[in-house]
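Source file: model-v3.txt. Holds: compact mmCIF, C-alpha atoms.
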```txt
# COMPACT_ATOMS: atom_id res chain seq x y z
CA MET A 1 119.38 -174.56 55.72
CA ARG A 2 118.86 -175.15 52.04
CA PRO A 3 121.03 -177.74 50.28
CA SER A 4 123.73 -176.43 47.96
CA TYR A 5 124.46 -177.91 44.56
CA PRO A 6 127.22 -177.50 41.97
CA LEU A 7 124.59 -176.14 39.59
CA SER A 8 122.80 -172.87 40.24
CA ARG A 9 119.07 -172.79 40.85
CA ARG A 10 118.45 -171.41 37.38
CA GLU A 11 120.67 -174.09 35.78
CA LEU A 12 118.97 -176.87 37.71
CA LEU A 13 115.51 -175.70 36.73
CA LYS A 14 116.61 -175.48 33.09
CA SER A 15 118.56 -178.73 33.07
CA SER A 16 115.60 -180.90 32.09
CA GLY A 17 111.88 -180.88 31.54
CA ALA A 18 111.36 -183.73 34.00
CA GLY A 19 110.51 -181.49 36.89
CA PHE A 20 107.86 -179.75 34.88
CA GLY A 21 106.44 -183.06 33.72
CA MET A 22 106.29 -183.94 37.38
CA VAL A 23 104.41 -180.71 38.02
CA ALA A 24 101.69 -181.87 35.62
CA LEU A 25 101.62 -185.34 37.16
CA ALA A 26 101.41 -183.87 40.63
CA GLY A 27 98.36 -181.97 39.47
CA LEU A 28 96.69 -185.34 38.83
CA LEU A 29 97.73 -186.63 42.23
CA GLY A 30 96.51 -183.63 44.20
CA ARG A 31 97.88 -180.35 45.42
CA GLU A 32 97.17 -180.24 49.14
CA ALA A 33 99.34 -182.93 50.73
CA ALA A 34 102.09 -182.57 53.28
CA ALA A 35 105.60 -183.86 53.99
CA GLY A 36 107.43 -185.12 50.89
CA SER A 37 110.94 -186.30 51.68
CA ASP A 38 110.97 -184.47 55.04
CA THR A 39 110.67 -187.39 57.47
CA THR A 40 109.81 -185.07 60.37
CA ALA A 41 106.64 -183.84 58.68
CA PRO A 42 103.30 -185.62 58.99
CA LYS A 43 102.40 -188.21 56.35
CA PRO A 44 98.76 -187.62 55.40
CA LEU A 45 98.51 -190.82 53.37
CA ALA A 46 100.11 -193.03 56.01
CA PRO A 47 97.88 -195.87 57.29
CA LYS A 48 95.47 -194.68 59.99
CA ARG A 49 93.68 -196.58 62.69
CA PRO A 50 90.01 -197.24 61.83
CA HIS A 51 87.20 -196.52 64.28
CA PHE A 52 86.69 -200.25 64.87
CA PRO A 53 88.10 -203.52 63.49
CA PRO A 54 87.48 -203.55 59.73
CA LYS A 55 85.99 -206.43 57.81
CA ALA A 56 87.63 -205.30 54.55
CA LYS A 57 90.90 -203.54 53.74
CA ARG A 58 90.14 -202.30 50.24
CA ILE A 59 87.32 -201.86 47.74
CA ILE A 60 86.99 -202.48 44.01
CA PHE A 61 83.98 -200.64 42.58
CA VAL A 62 82.83 -202.09 39.25
CA PHE A 63 80.68 -199.28 37.89
CA MET A 64 78.21 -199.91 35.07
CA GLN A 65 77.48 -196.33 34.03
CA GLY A 66 74.12 -195.68 32.42
CA ALA A 67 71.84 -198.05 34.39
CA VAL A 68 71.74 -201.79 33.77
CA SER A 69 68.25 -203.13 33.09
CA GLN A 70 67.82 -205.38 36.11
CA VAL A 71 64.70 -207.13 34.78
CA ASP A 72 66.75 -208.36 31.82
CA THR A 73 69.83 -209.44 33.79
CA PHE A 74 69.62 -210.05 37.55
CA GLU A 75 65.95 -209.89 38.51
CA TYR A 76 63.56 -212.55 37.30
CA LYS A 77 59.96 -211.36 37.69
CA PRO A 78 57.39 -214.07 36.82
CA GLN A 79 54.53 -211.57 36.91
CA LEU A 80 56.30 -209.40 34.38
CA GLN A 81 56.90 -212.35 32.10
CA GLN A 82 53.24 -213.42 32.35
CA ASN A 83 51.75 -209.96 31.88
CA GLY A 84 53.94 -208.57 29.14
CA GLY A 85 51.89 -206.33 26.85
CA LYS A 86 49.43 -205.34 29.58
CA ALA A 87 49.17 -202.01 31.35
CA GLY A 88 51.56 -201.58 34.26
CA PRO A 89 50.39 -200.56 37.75
CA GLY A 90 51.89 -197.11 37.34
CA GLY A 91 51.02 -196.68 33.67
CA GLY A 92 52.85 -197.72 30.55
CA THR A 93 52.98 -201.12 28.91
CA LEU A 94 54.69 -203.96 30.73
CA THR A 95 57.47 -205.47 28.64
CA ALA A 96 58.58 -209.00 29.41
CA SER A 97 62.27 -209.74 29.05
CA LYS A 98 63.23 -211.48 25.83
CA PHE A 99 66.09 -213.25 27.58
CA HIS A 100 65.90 -216.68 29.18
CA PHE A 101 66.45 -216.83 32.96
CA GLN A 102 67.60 -219.77 35.03
CA GLN A 103 68.70 -220.43 38.61
CA TYR A 104 72.29 -221.01 39.64
CA GLY A 105 74.10 -222.45 42.65
CA GLN A 106 72.70 -223.83 45.87
CA THR A 107 71.07 -220.46 46.51
CA GLY A 108 69.03 -220.73 43.30
CA SER A 109 69.85 -217.16 42.30
CA TRP A 110 68.30 -216.06 39.01
CA PHE A 111 70.43 -214.80 36.13
CA SER A 112 69.57 -214.23 32.51
CA GLU A 113 71.41 -215.94 29.68
CA LEU A 114 73.39 -212.72 29.21
CA LEU A 115 75.58 -213.33 32.28
CA PRO A 116 76.52 -217.02 32.44
CA ASN A 117 80.00 -216.41 33.86
CA ILE A 118 79.04 -214.06 36.70
CA ALA A 119 76.25 -216.54 37.44
CA THR A 120 78.84 -219.20 38.37
CA HIS A 121 79.62 -217.03 41.43
CA ALA A 122 75.99 -217.03 42.57
CA ASP A 123 76.74 -218.57 45.97
CA ASP A 124 79.42 -215.96 46.74
CA LEU A 125 77.31 -212.88 46.06
CA CYS A 126 75.51 -210.68 48.58
CA TRP A 127 72.60 -208.96 46.84
CA LEU A 128 71.24 -205.55 47.77
CA ARG A 129 67.88 -205.58 45.97
CA GLY A 130 66.09 -202.70 47.66
CA LEU A 131 68.21 -199.75 46.56
CA TYR A 132 66.72 -196.39 45.68
CA THR A 133 68.00 -192.89 45.02
CA ASP A 134 66.75 -189.32 44.60
CA THR A 135 67.04 -188.21 41.00
CA PRO A 136 66.37 -189.87 37.61
CA ALA A 137 68.90 -187.66 35.82
CA HIS A 138 72.20 -189.39 35.05
CA PRO A 139 74.55 -186.51 35.95
CA GLN A 140 73.05 -185.98 39.40
CA ALA A 141 72.55 -189.69 40.13
CA VAL A 142 76.11 -190.62 39.14
CA VAL A 143 77.51 -187.80 41.27
CA GLN A 144 75.30 -188.84 44.19
CA LEU A 145 76.47 -192.44 43.93
CA HIS A 146 80.08 -191.28 44.05
CA THR A 147 79.87 -188.38 46.50
CA GLY A 148 76.67 -188.85 48.51
CA SER A 149 75.07 -185.67 47.22
CA ALA A 150 73.31 -184.76 43.98
CA ASN A 151 73.53 -181.05 44.83
CA ALA A 152 75.62 -179.43 42.13
CA ALA A 153 75.82 -176.19 44.12
CA LEU A 154 78.40 -177.70 46.49
CA THR A 155 80.81 -180.32 45.17
CA ARG A 156 81.44 -183.05 47.73
CA PRO A 157 84.39 -185.42 48.14
CA SER A 158 84.08 -188.80 46.46
CA MET A 159 83.72 -191.95 48.56
CA GLY A 160 87.23 -193.02 47.56
CA ALA A 161 88.57 -189.71 48.86
CA TRP A 162 86.70 -190.18 52.15
CA LEU A 163 88.22 -193.66 52.52
CA LEU A 164 91.74 -192.30 52.01
CA TYR A 165 91.05 -189.48 54.46
CA GLY A 166 89.86 -191.96 57.06
CA LEU A 167 92.30 -194.81 56.52
CA GLY A 168 95.31 -193.66 54.50
CA THR A 169 96.99 -196.21 52.28
CA ASP A 170 99.28 -199.19 52.79
CA ASN A 171 101.68 -198.42 49.92
CA GLN A 172 103.35 -195.02 50.15
CA ASP A 173 104.89 -195.36 46.68
CA LEU A 174 101.51 -195.61 44.96
CA PRO A 175 98.34 -193.52 44.96
CA GLY A 176 95.81 -194.87 47.43
CA TYR A 177 92.86 -194.26 45.11
CA VAL A 178 92.89 -195.09 41.40
CA THR A 179 90.09 -194.69 38.87
CA ILE A 180 90.48 -196.43 35.51
CA ASN A 181 88.72 -195.04 32.43
CA PRO A 182 86.34 -192.77 34.36
CA THR A 183 83.57 -191.40 32.20
CA PRO A 184 84.18 -187.76 31.20
CA ASN A 185 80.41 -187.18 31.32
CA PHE A 186 77.96 -187.13 34.23
CA GLY A 187 80.13 -185.18 36.64
CA GLY A 188 83.54 -186.03 35.22
CA ALA A 189 86.34 -185.42 37.71
CA VAL A 190 83.82 -184.63 40.47
CA ASN A 191 83.23 -188.38 40.78
CA TYR A 192 86.81 -189.03 41.86
CA GLY A 193 87.70 -185.64 43.28
CA SER A 194 88.39 -184.56 46.84
CA ALA A 195 86.39 -181.29 46.78
CA PHE A 196 87.11 -179.51 50.06
CA LEU A 197 89.18 -182.37 51.50
CA PRO A 198 92.93 -181.93 51.00
CA ALA A 199 93.56 -182.77 47.37
CA HIS A 200 96.02 -185.62 47.98
CA TYR A 201 92.92 -187.71 48.76
CA GLN A 202 91.51 -187.41 45.24
CA GLY A 203 91.63 -190.30 42.77
CA THR A 204 94.46 -190.75 40.29
CA ARG A 205 93.05 -191.19 36.79
CA ILE A 206 94.58 -193.72 34.42
CA THR A 207 93.47 -195.47 31.24
CA ASP A 208 93.05 -199.16 30.52
CA THR A 209 96.36 -199.05 28.62
CA GLY A 210 98.13 -197.85 31.77
CA TYR A 211 98.62 -194.32 30.49
CA LEU A 212 99.32 -191.67 33.12
CA PRO A 213 100.50 -188.34 31.67
CA ASN A 214 104.06 -187.19 32.35
CA LEU A 215 105.02 -190.32 34.25
CA LYS A 216 108.12 -191.14 32.22
CA PRO A 217 111.18 -189.08 33.31
CA SER A 218 113.09 -187.29 30.58
CA THR A 219 116.40 -187.00 32.47
CA ALA A 220 118.67 -189.01 34.75
CA THR A 221 117.19 -189.96 38.11
CA ALA A 222 120.03 -188.39 40.11
CA LEU A 223 119.69 -185.04 38.38
CA GLN A 224 115.92 -185.18 38.63
CA ARG A 225 116.23 -185.85 42.38
CA LYS A 226 118.45 -182.77 42.76
CA GLN A 227 116.01 -180.71 40.76
CA LEU A 228 113.10 -181.92 42.84
CA ASP A 229 114.96 -181.26 46.11
CA LEU A 230 115.55 -177.70 44.99
CA ILE A 231 111.89 -177.19 44.06
CA GLN A 232 110.81 -178.75 47.36
CA SER A 233 113.12 -176.51 49.39
CA MET A 234 111.57 -173.50 47.68
CA ASN A 235 108.10 -174.89 48.33
CA ARG A 236 108.89 -175.40 52.03
CA ASP A 237 110.20 -171.86 52.33
CA LEU A 238 106.94 -170.63 50.85
CA ALA A 239 104.89 -172.94 53.06
CA ALA A 240 106.60 -171.51 56.15
CA SER A 241 105.68 -167.92 55.24
CA PRO A 242 102.64 -166.38 56.98
CA ALA A 243 100.74 -165.74 53.75
CA ALA A 244 101.34 -169.16 52.20
CA PRO A 245 98.26 -170.81 50.63
CA ASP A 246 97.27 -174.19 52.02
CA ALA A 247 97.90 -175.81 48.63
CA VAL A 248 101.69 -175.50 48.93
CA ASP A 249 101.95 -178.43 51.33
CA GLY A 250 99.98 -180.45 48.82
CA VAL A 251 102.42 -179.69 46.02
CA ILE A 252 105.27 -180.96 48.20
CA GLU A 253 103.63 -184.33 48.87
CA SER A 254 102.40 -184.68 45.30
CA TYR A 255 105.88 -184.16 43.80
CA GLU A 256 107.34 -186.80 46.08
CA LEU A 257 104.66 -189.34 45.22
CA ALA A 258 105.06 -188.56 41.52
CA PHE A 259 108.82 -189.19 41.79
CA LYS A 260 108.25 -192.55 43.49
CA MET A 261 105.56 -193.57 41.01
CA GLN A 262 107.94 -193.26 38.06
CA GLY A 263 109.71 -196.40 39.21
CA LYS A 264 106.74 -198.56 40.19
CA VAL A 265 103.61 -197.62 38.30
CA PRO A 266 104.59 -198.40 34.68
CA GLU A 267 105.51 -201.97 35.57
CA LEU A 268 102.45 -202.38 37.78
CA LEU A 269 100.08 -201.28 35.04
CA ASP A 270 101.68 -203.41 32.33
CA VAL A 271 99.21 -206.29 32.10
CA SER A 272 101.35 -207.97 29.45
CA LYS A 273 103.48 -209.21 32.36
CA GLU A 274 100.63 -211.52 33.31
CA PRO A 275 100.80 -215.21 32.28
CA ARG A 276 99.03 -215.92 29.02
CA LYS A 277 96.60 -218.23 30.83
CA ILE A 278 95.46 -215.38 33.09
CA LEU A 279 95.00 -212.98 30.18
CA GLU A 280 92.91 -215.58 28.36
CA GLU A 281 90.84 -216.16 31.49
CA TYR A 282 89.95 -212.47 31.63
CA GLY A 283 89.42 -212.29 27.88
CA VAL A 284 92.10 -209.65 27.33
CA LYS A 285 92.45 -208.69 23.67
CA ASP A 286 93.92 -205.77 21.74
CA GLY A 287 92.01 -202.59 21.09
CA PRO A 288 88.80 -201.15 22.54
CA ALA A 289 87.11 -204.56 22.70
CA GLY A 290 89.55 -205.60 25.41
CA ALA A 291 89.36 -202.38 27.44
CA PHE A 292 87.16 -203.65 30.27
CA ALA A 293 89.13 -206.90 30.60
CA ARG A 294 92.34 -204.87 30.93
CA GLN A 295 90.70 -202.75 33.63
CA CYS A 296 89.83 -205.87 35.60
CA VAL A 297 93.39 -207.22 35.45
CA MET A 298 94.76 -203.83 36.47
CA ALA A 299 92.32 -203.61 39.37
CA ARG A 300 93.57 -206.92 40.74
CA ARG A 301 97.21 -205.85 40.34
CA LEU A 302 96.59 -202.51 42.04
CA CYS A 303 94.80 -204.11 44.98
CA GLU A 304 97.55 -206.68 45.30
CA ALA A 305 100.03 -203.79 45.53
CA GLY A 306 98.12 -202.16 48.39
CA VAL A 307 95.91 -199.54 46.68
CA ARG A 308 92.95 -198.79 48.96
CA PHE A 309 90.20 -198.00 46.44
CA VAL A 310 90.02 -198.90 42.75
CA GLU A 311 87.15 -198.05 40.43
CA ILE A 312 86.68 -199.49 36.96
CA THR A 313 84.00 -198.27 34.57
CA GLN A 314 81.99 -199.66 31.69
CA PRO A 315 79.77 -197.00 30.08
CA GLY A 316 77.02 -197.48 27.52
CA TRP A 317 74.12 -198.93 29.54
CA ASP A 318 71.63 -196.12 28.86
CA HIS A 319 69.24 -198.19 26.76
CA HIS A 320 66.26 -195.97 25.98
CA GLY A 321 66.45 -197.67 22.60
CA ASN A 322 68.27 -200.63 21.08
CA LEU A 323 67.76 -202.39 24.41
CA HIS A 324 68.19 -205.99 23.39
CA LYS A 325 71.15 -205.71 21.04
CA GLY A 326 72.69 -203.18 23.40
CA LEU A 327 72.42 -205.52 26.37
CA ILE A 328 73.94 -208.39 24.41
CA ASP A 329 76.91 -206.15 23.57
CA ARG A 330 77.41 -204.63 27.03
CA CYS A 331 76.93 -207.87 28.96
CA GLY A 332 79.23 -209.62 26.55
CA SER A 333 81.97 -207.10 27.34
CA VAL A 334 81.74 -207.37 31.15
CA ASP A 335 80.52 -210.89 31.98
CA ARG A 336 83.71 -212.87 31.42
CA PRO A 337 86.18 -210.27 32.80
CA THR A 338 84.09 -209.63 35.94
CA ALA A 339 83.79 -213.34 36.66
CA ALA A 340 87.52 -213.80 36.05
CA LEU A 341 88.30 -210.95 38.45
CA LEU A 342 86.28 -212.61 41.20
CA THR A 343 87.89 -215.98 40.49
CA ASP A 344 91.38 -214.48 40.46
CA LEU A 345 90.86 -212.54 43.70
CA LYS A 346 89.54 -215.67 45.38
CA ARG A 347 92.36 -217.88 44.09
CA ARG A 348 95.01 -215.46 45.40
CA GLY A 349 93.38 -215.03 48.80
CA LEU A 350 92.65 -211.37 48.08
CA LEU A 351 88.89 -211.76 48.32
CA GLU A 352 89.33 -212.43 52.05
CA ASP A 353 90.08 -208.75 52.64
CA THR A 354 88.83 -207.11 49.42
CA LEU A 355 85.24 -205.97 49.00
CA VAL A 356 83.84 -205.83 45.45
CA LEU A 357 80.81 -203.67 44.61
CA PHE A 358 79.07 -204.07 41.23
CA GLY A 359 76.26 -201.80 40.06
CA SER A 360 74.84 -198.70 38.39
CA GLU A 361 73.55 -195.28 39.44
CA PHE A 362 69.96 -196.62 39.21
CA GLY A 363 67.92 -199.25 37.37
CA ARG A 364 65.38 -199.37 34.57
CA GLN A 365 61.60 -199.70 34.31
CA PRO A 366 59.69 -202.92 33.51
CA THR A 367 57.57 -200.94 31.06
CA ALA A 368 58.38 -200.12 27.44
CA GLN A 369 59.90 -196.91 26.19
CA GLY A 370 59.45 -196.76 22.45
CA PRO A 371 59.75 -199.92 20.36
CA ASP A 372 62.85 -201.28 22.14
CA GLY A 373 63.85 -199.43 25.29
CA ARG A 374 63.31 -198.92 29.01
CA ASP A 375 63.29 -195.66 30.97
CA HIS A 376 65.08 -194.89 34.25
CA ASN A 377 63.99 -196.39 37.56
CA ILE A 378 65.17 -194.80 40.81
CA THR A 379 62.67 -196.43 43.18
CA GLY A 380 63.98 -200.00 43.22
CA TYR A 381 67.09 -201.65 41.73
CA PRO A 382 69.89 -204.06 42.71
CA MET A 383 73.65 -204.11 43.22
CA PHE A 384 75.80 -206.92 44.49
CA LEU A 385 78.69 -207.12 46.93
CA THR A 386 81.11 -209.97 47.34
CA GLY A 387 84.24 -210.64 49.29
CA ALA A 388 85.40 -209.40 52.67
CA GLY A 389 82.85 -208.87 55.38
CA VAL A 390 79.58 -209.76 53.66
CA LYS A 391 77.43 -212.88 53.73
CA LYS A 392 77.73 -215.27 50.81
CA GLY A 393 74.69 -216.31 48.84
CA PHE A 394 72.58 -213.75 50.69
CA THR A 395 69.84 -211.41 49.55
CA TYR A 396 68.90 -208.24 51.41
CA GLY A 397 65.81 -206.38 50.27
CA SER A 398 63.41 -206.84 47.40
CA THR A 399 61.24 -205.01 44.90
CA ASP A 400 57.57 -205.53 44.01
CA GLU A 401 56.39 -208.20 41.58
CA TYR A 402 57.29 -206.04 38.57
CA GLY A 403 60.56 -204.62 39.85
CA ILE A 404 59.31 -201.06 40.13
CA LYS A 405 59.67 -200.16 43.82
CA ALA A 406 61.77 -201.37 46.71
CA ILE A 407 59.40 -202.82 49.31
CA ASP A 408 61.75 -204.54 51.76
CA GLY A 409 65.28 -203.86 52.97
CA ARG A 410 65.16 -200.43 51.39
CA MET A 411 68.59 -198.79 51.07
CA HIS A 412 69.13 -195.22 49.99
CA THR A 413 72.49 -194.25 48.47
CA ASN A 414 73.42 -192.75 51.86
CA ASP A 415 72.71 -196.13 53.50
CA LEU A 416 74.93 -197.85 50.94
CA HIS A 417 77.78 -195.47 51.74
CA ALA A 418 77.31 -195.88 55.49
CA THR A 419 77.45 -199.65 55.05
CA LEU A 420 80.57 -199.58 52.87
CA LEU A 421 82.37 -197.36 55.38
CA ALA A 422 81.35 -199.66 58.25
CA LEU A 423 82.76 -202.66 56.41
CA MET A 424 86.03 -200.73 56.15
CA GLY A 425 86.02 -200.01 59.88
CA LEU A 426 84.74 -196.44 59.72
CA ASP A 427 81.77 -194.90 61.52
CA HIS A 428 80.10 -192.67 58.95
CA GLU A 429 78.91 -190.30 61.67
CA LYS A 430 82.44 -189.83 63.00
CA LEU A 431 84.22 -189.53 59.66
CA THR A 432 83.81 -185.77 59.34
CA TYR A 433 85.70 -182.79 57.96
CA ARG A 434 85.09 -179.19 59.00
CA TYR A 435 84.53 -176.86 56.09
CA ALA A 436 82.75 -173.52 55.76
CA GLY A 437 81.84 -173.56 59.44
CA ARG A 438 80.25 -177.01 59.65
CA ASP A 439 81.19 -180.68 59.80
CA PHE A 440 80.64 -182.56 56.55
CA ARG A 441 80.54 -186.31 56.00
CA LEU A 442 79.95 -188.68 53.08
CA THR A 443 76.42 -189.48 54.28
CA ASP A 444 75.57 -185.86 55.19
CA ILE A 445 72.95 -186.12 57.99
CA LYS A 446 71.53 -189.47 56.87
CA GLY A 447 72.64 -193.04 56.42
CA GLU A 448 71.98 -196.28 58.27
CA VAL A 449 74.26 -199.31 58.22
CA ALA A 450 72.71 -202.54 56.90
CA ARG A 451 74.35 -204.83 59.43
CA GLU A 452 72.12 -207.68 58.33
CA ILE A 453 74.49 -208.30 55.41
CA PHE A 454 77.63 -208.56 57.56
CA ALA A 455 79.28 -211.96 57.73
```
Final structure tokens representation of the file:
Amino acid sequence: MRPSYPLSRRELLKSSGAGFGMVALAGLLGREAAAGSDTTAPKPLAPKRPHFPPKAKRIIFVFMQGAVSQVDTFEYKPQLQQNGGKAGPGGGTLTASKFHFQQYGQTGSWFSELLPNIATHADDLCWLRGLYTDTPAHPQAVVQLHTGSANAALTRPSMGAWLLYGLGTDNQDLPGYVTINPTPNFGGAVNYGSAFLPAHYQGTRITDTGYLPNLKPSTATALQRKQLDLIQSMNRDLAASPAAPDAVDGVIESYELAFKMQGKVPELLDVSKEPRKILEEYGVKDGPAGAFARQCVMARRLCEAGVRFVEITQPGWDHHGNLHKGLIDRCGSVDRPTAALLTDLKRRGLLEDTLVLFGSEFGRQPTAQGPDGRDHNITGYPMFLTGAGVKKGFTYGSTDEYGIKAIDGRMHTNDLHATLLALMGLDHEKLTYRYAGRDFRLTDIKGEVAREIFA
């Protein structure tokens, strides 16, 4: 039985633009969820039981898009420094780093002078130094890092979407997967999309200023609730019809989440609420120069509120030229905020159940490209993990003496994904979704868990 209101359906739908703003917002949140305000319907984003006890509850992915030059930042190679200017083993001219390296912490981890603040966390980091991937092209490599597949012929769900599908989210008034300032290039929305998974599992895109389109209601809450109830009753009638498209259930859930978000999200994303001391610690400032620092503060606030997966992005690392000045600029923008994020998570006890991943889609060569650049390297590069479930001050894998190829502890992108899922309590071989007549998973038919890194 549909609810009756003093206003007619036509009058309610015309009474404000809020419902239509909510339609646009719901499009960002996904269009294939179920339930809404009907408490008898299933809740697709409700917390789900993992396959086995998890070591982490949530992930922050700090993505350096464009490929950080590891031999100028995280990987000290004495042979490269000694043999700069000579021919490399695979051709090209070896180029020694111009930046000074030194060891930090009891582990003696090497960092260049570009990253003095992250270096103070040396004994908390778990290094994956034997990573490799399949393609040297940015668009395909970025998509593979986010979805497990570089095949553009079939778009796959992002790893954040797979996590929501497998685990749900702890806060039903917030999206479970948020991506801040995602790059519009190199796959765009594919990197946080849900593909053939129900669309309520896709990431919600926001900016570092907290902007989310159509979030602010333009009419009274009570009237907006009546309007939404009317739209939802119509949606449920359609969903119950034999010819209803699957997406209708998603619209229902998306509208409800959008309505709830209006009250919570603006305040949550307002980093000005933070104490001045915290903002100074992160290096928050006005304008574009403070964008990454704002992302880091927002990531901590979102995780604290129960968001399952948060990604923050710093583009601009594709240094085929202007390598040295470019690295000074990029490292200067991420070093202090990243270190502050780790310090803040640790201080608040969040690092005990939050896993942080820092890295790029691939690395860069030890040889020169032009007068001041390095080309792509997909055969051996590092990332680091820290926080819940991983060993502190630990290194897994290595590359050769010049940093060209992974020679020990080799981890393909599929292995990285399998390991991340395992840390979250999910068996990558069991986390499947049937589509087009077959079972799909994040790791496709590959992937091995690197249990050696588990705490």
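Closest approach to Asp439 of chain A from the set A:Ala137, A:Ser69, A:Leu197, A:Ala87 is made by A:Leu197, with distances taken over all atoms listed in the file.
Counting from atom CA of Ser112 of chain A, the distance to atom CA of Phe99 of chain A is 6.1 Å.
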Between A:Glu304, A:Asp270, A:Glu311, A:Asp335, single out the one closest to Tyr282 of chain A, counting all atoms listed in the file. A:Asp335
Give me, as a ChimeraX atom specification, all polymer residues having an atom no more than 12 Å from segment 129-132 of chain A, counting only C-alpha atoms and skipping those fewer than 2 positions away in the same chain. /A:70-71,74-76,125-127,134-136,141,144-145,359-364,376-385,394-400,403-417,450,453
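Reported to one decimal place, the separation of atom CA of Val190 of chain A from atom CA of Met159 of chain A is 10.9 Å.
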Given the choices A:Pro366, A:Gly176, A:Pro54, A:Pro89, which gets closest to Asp353 of chain A if the distance is worked out from all atoms listed in the file?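 Closest to Asp353 of chain A of all the choices is A:Pro54.
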Applying 8 Å and only C-alpha atoms, which residues near segment 423-429 of chain A remain after dropping the ones on its own chain fewer than 5 positions away? List them as a PyMOL selection string. chain A and resi 50-58+166+389+418+441-443+447+454
Rounded to one decimal in Å, what is the spacing between atom CA of Ala96 of chain A and atom CA of Gly66 of chain A?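 Atom CA of Ala96 of chain A sits 20.7 Å away from atom CA of Gly66 of chain A.
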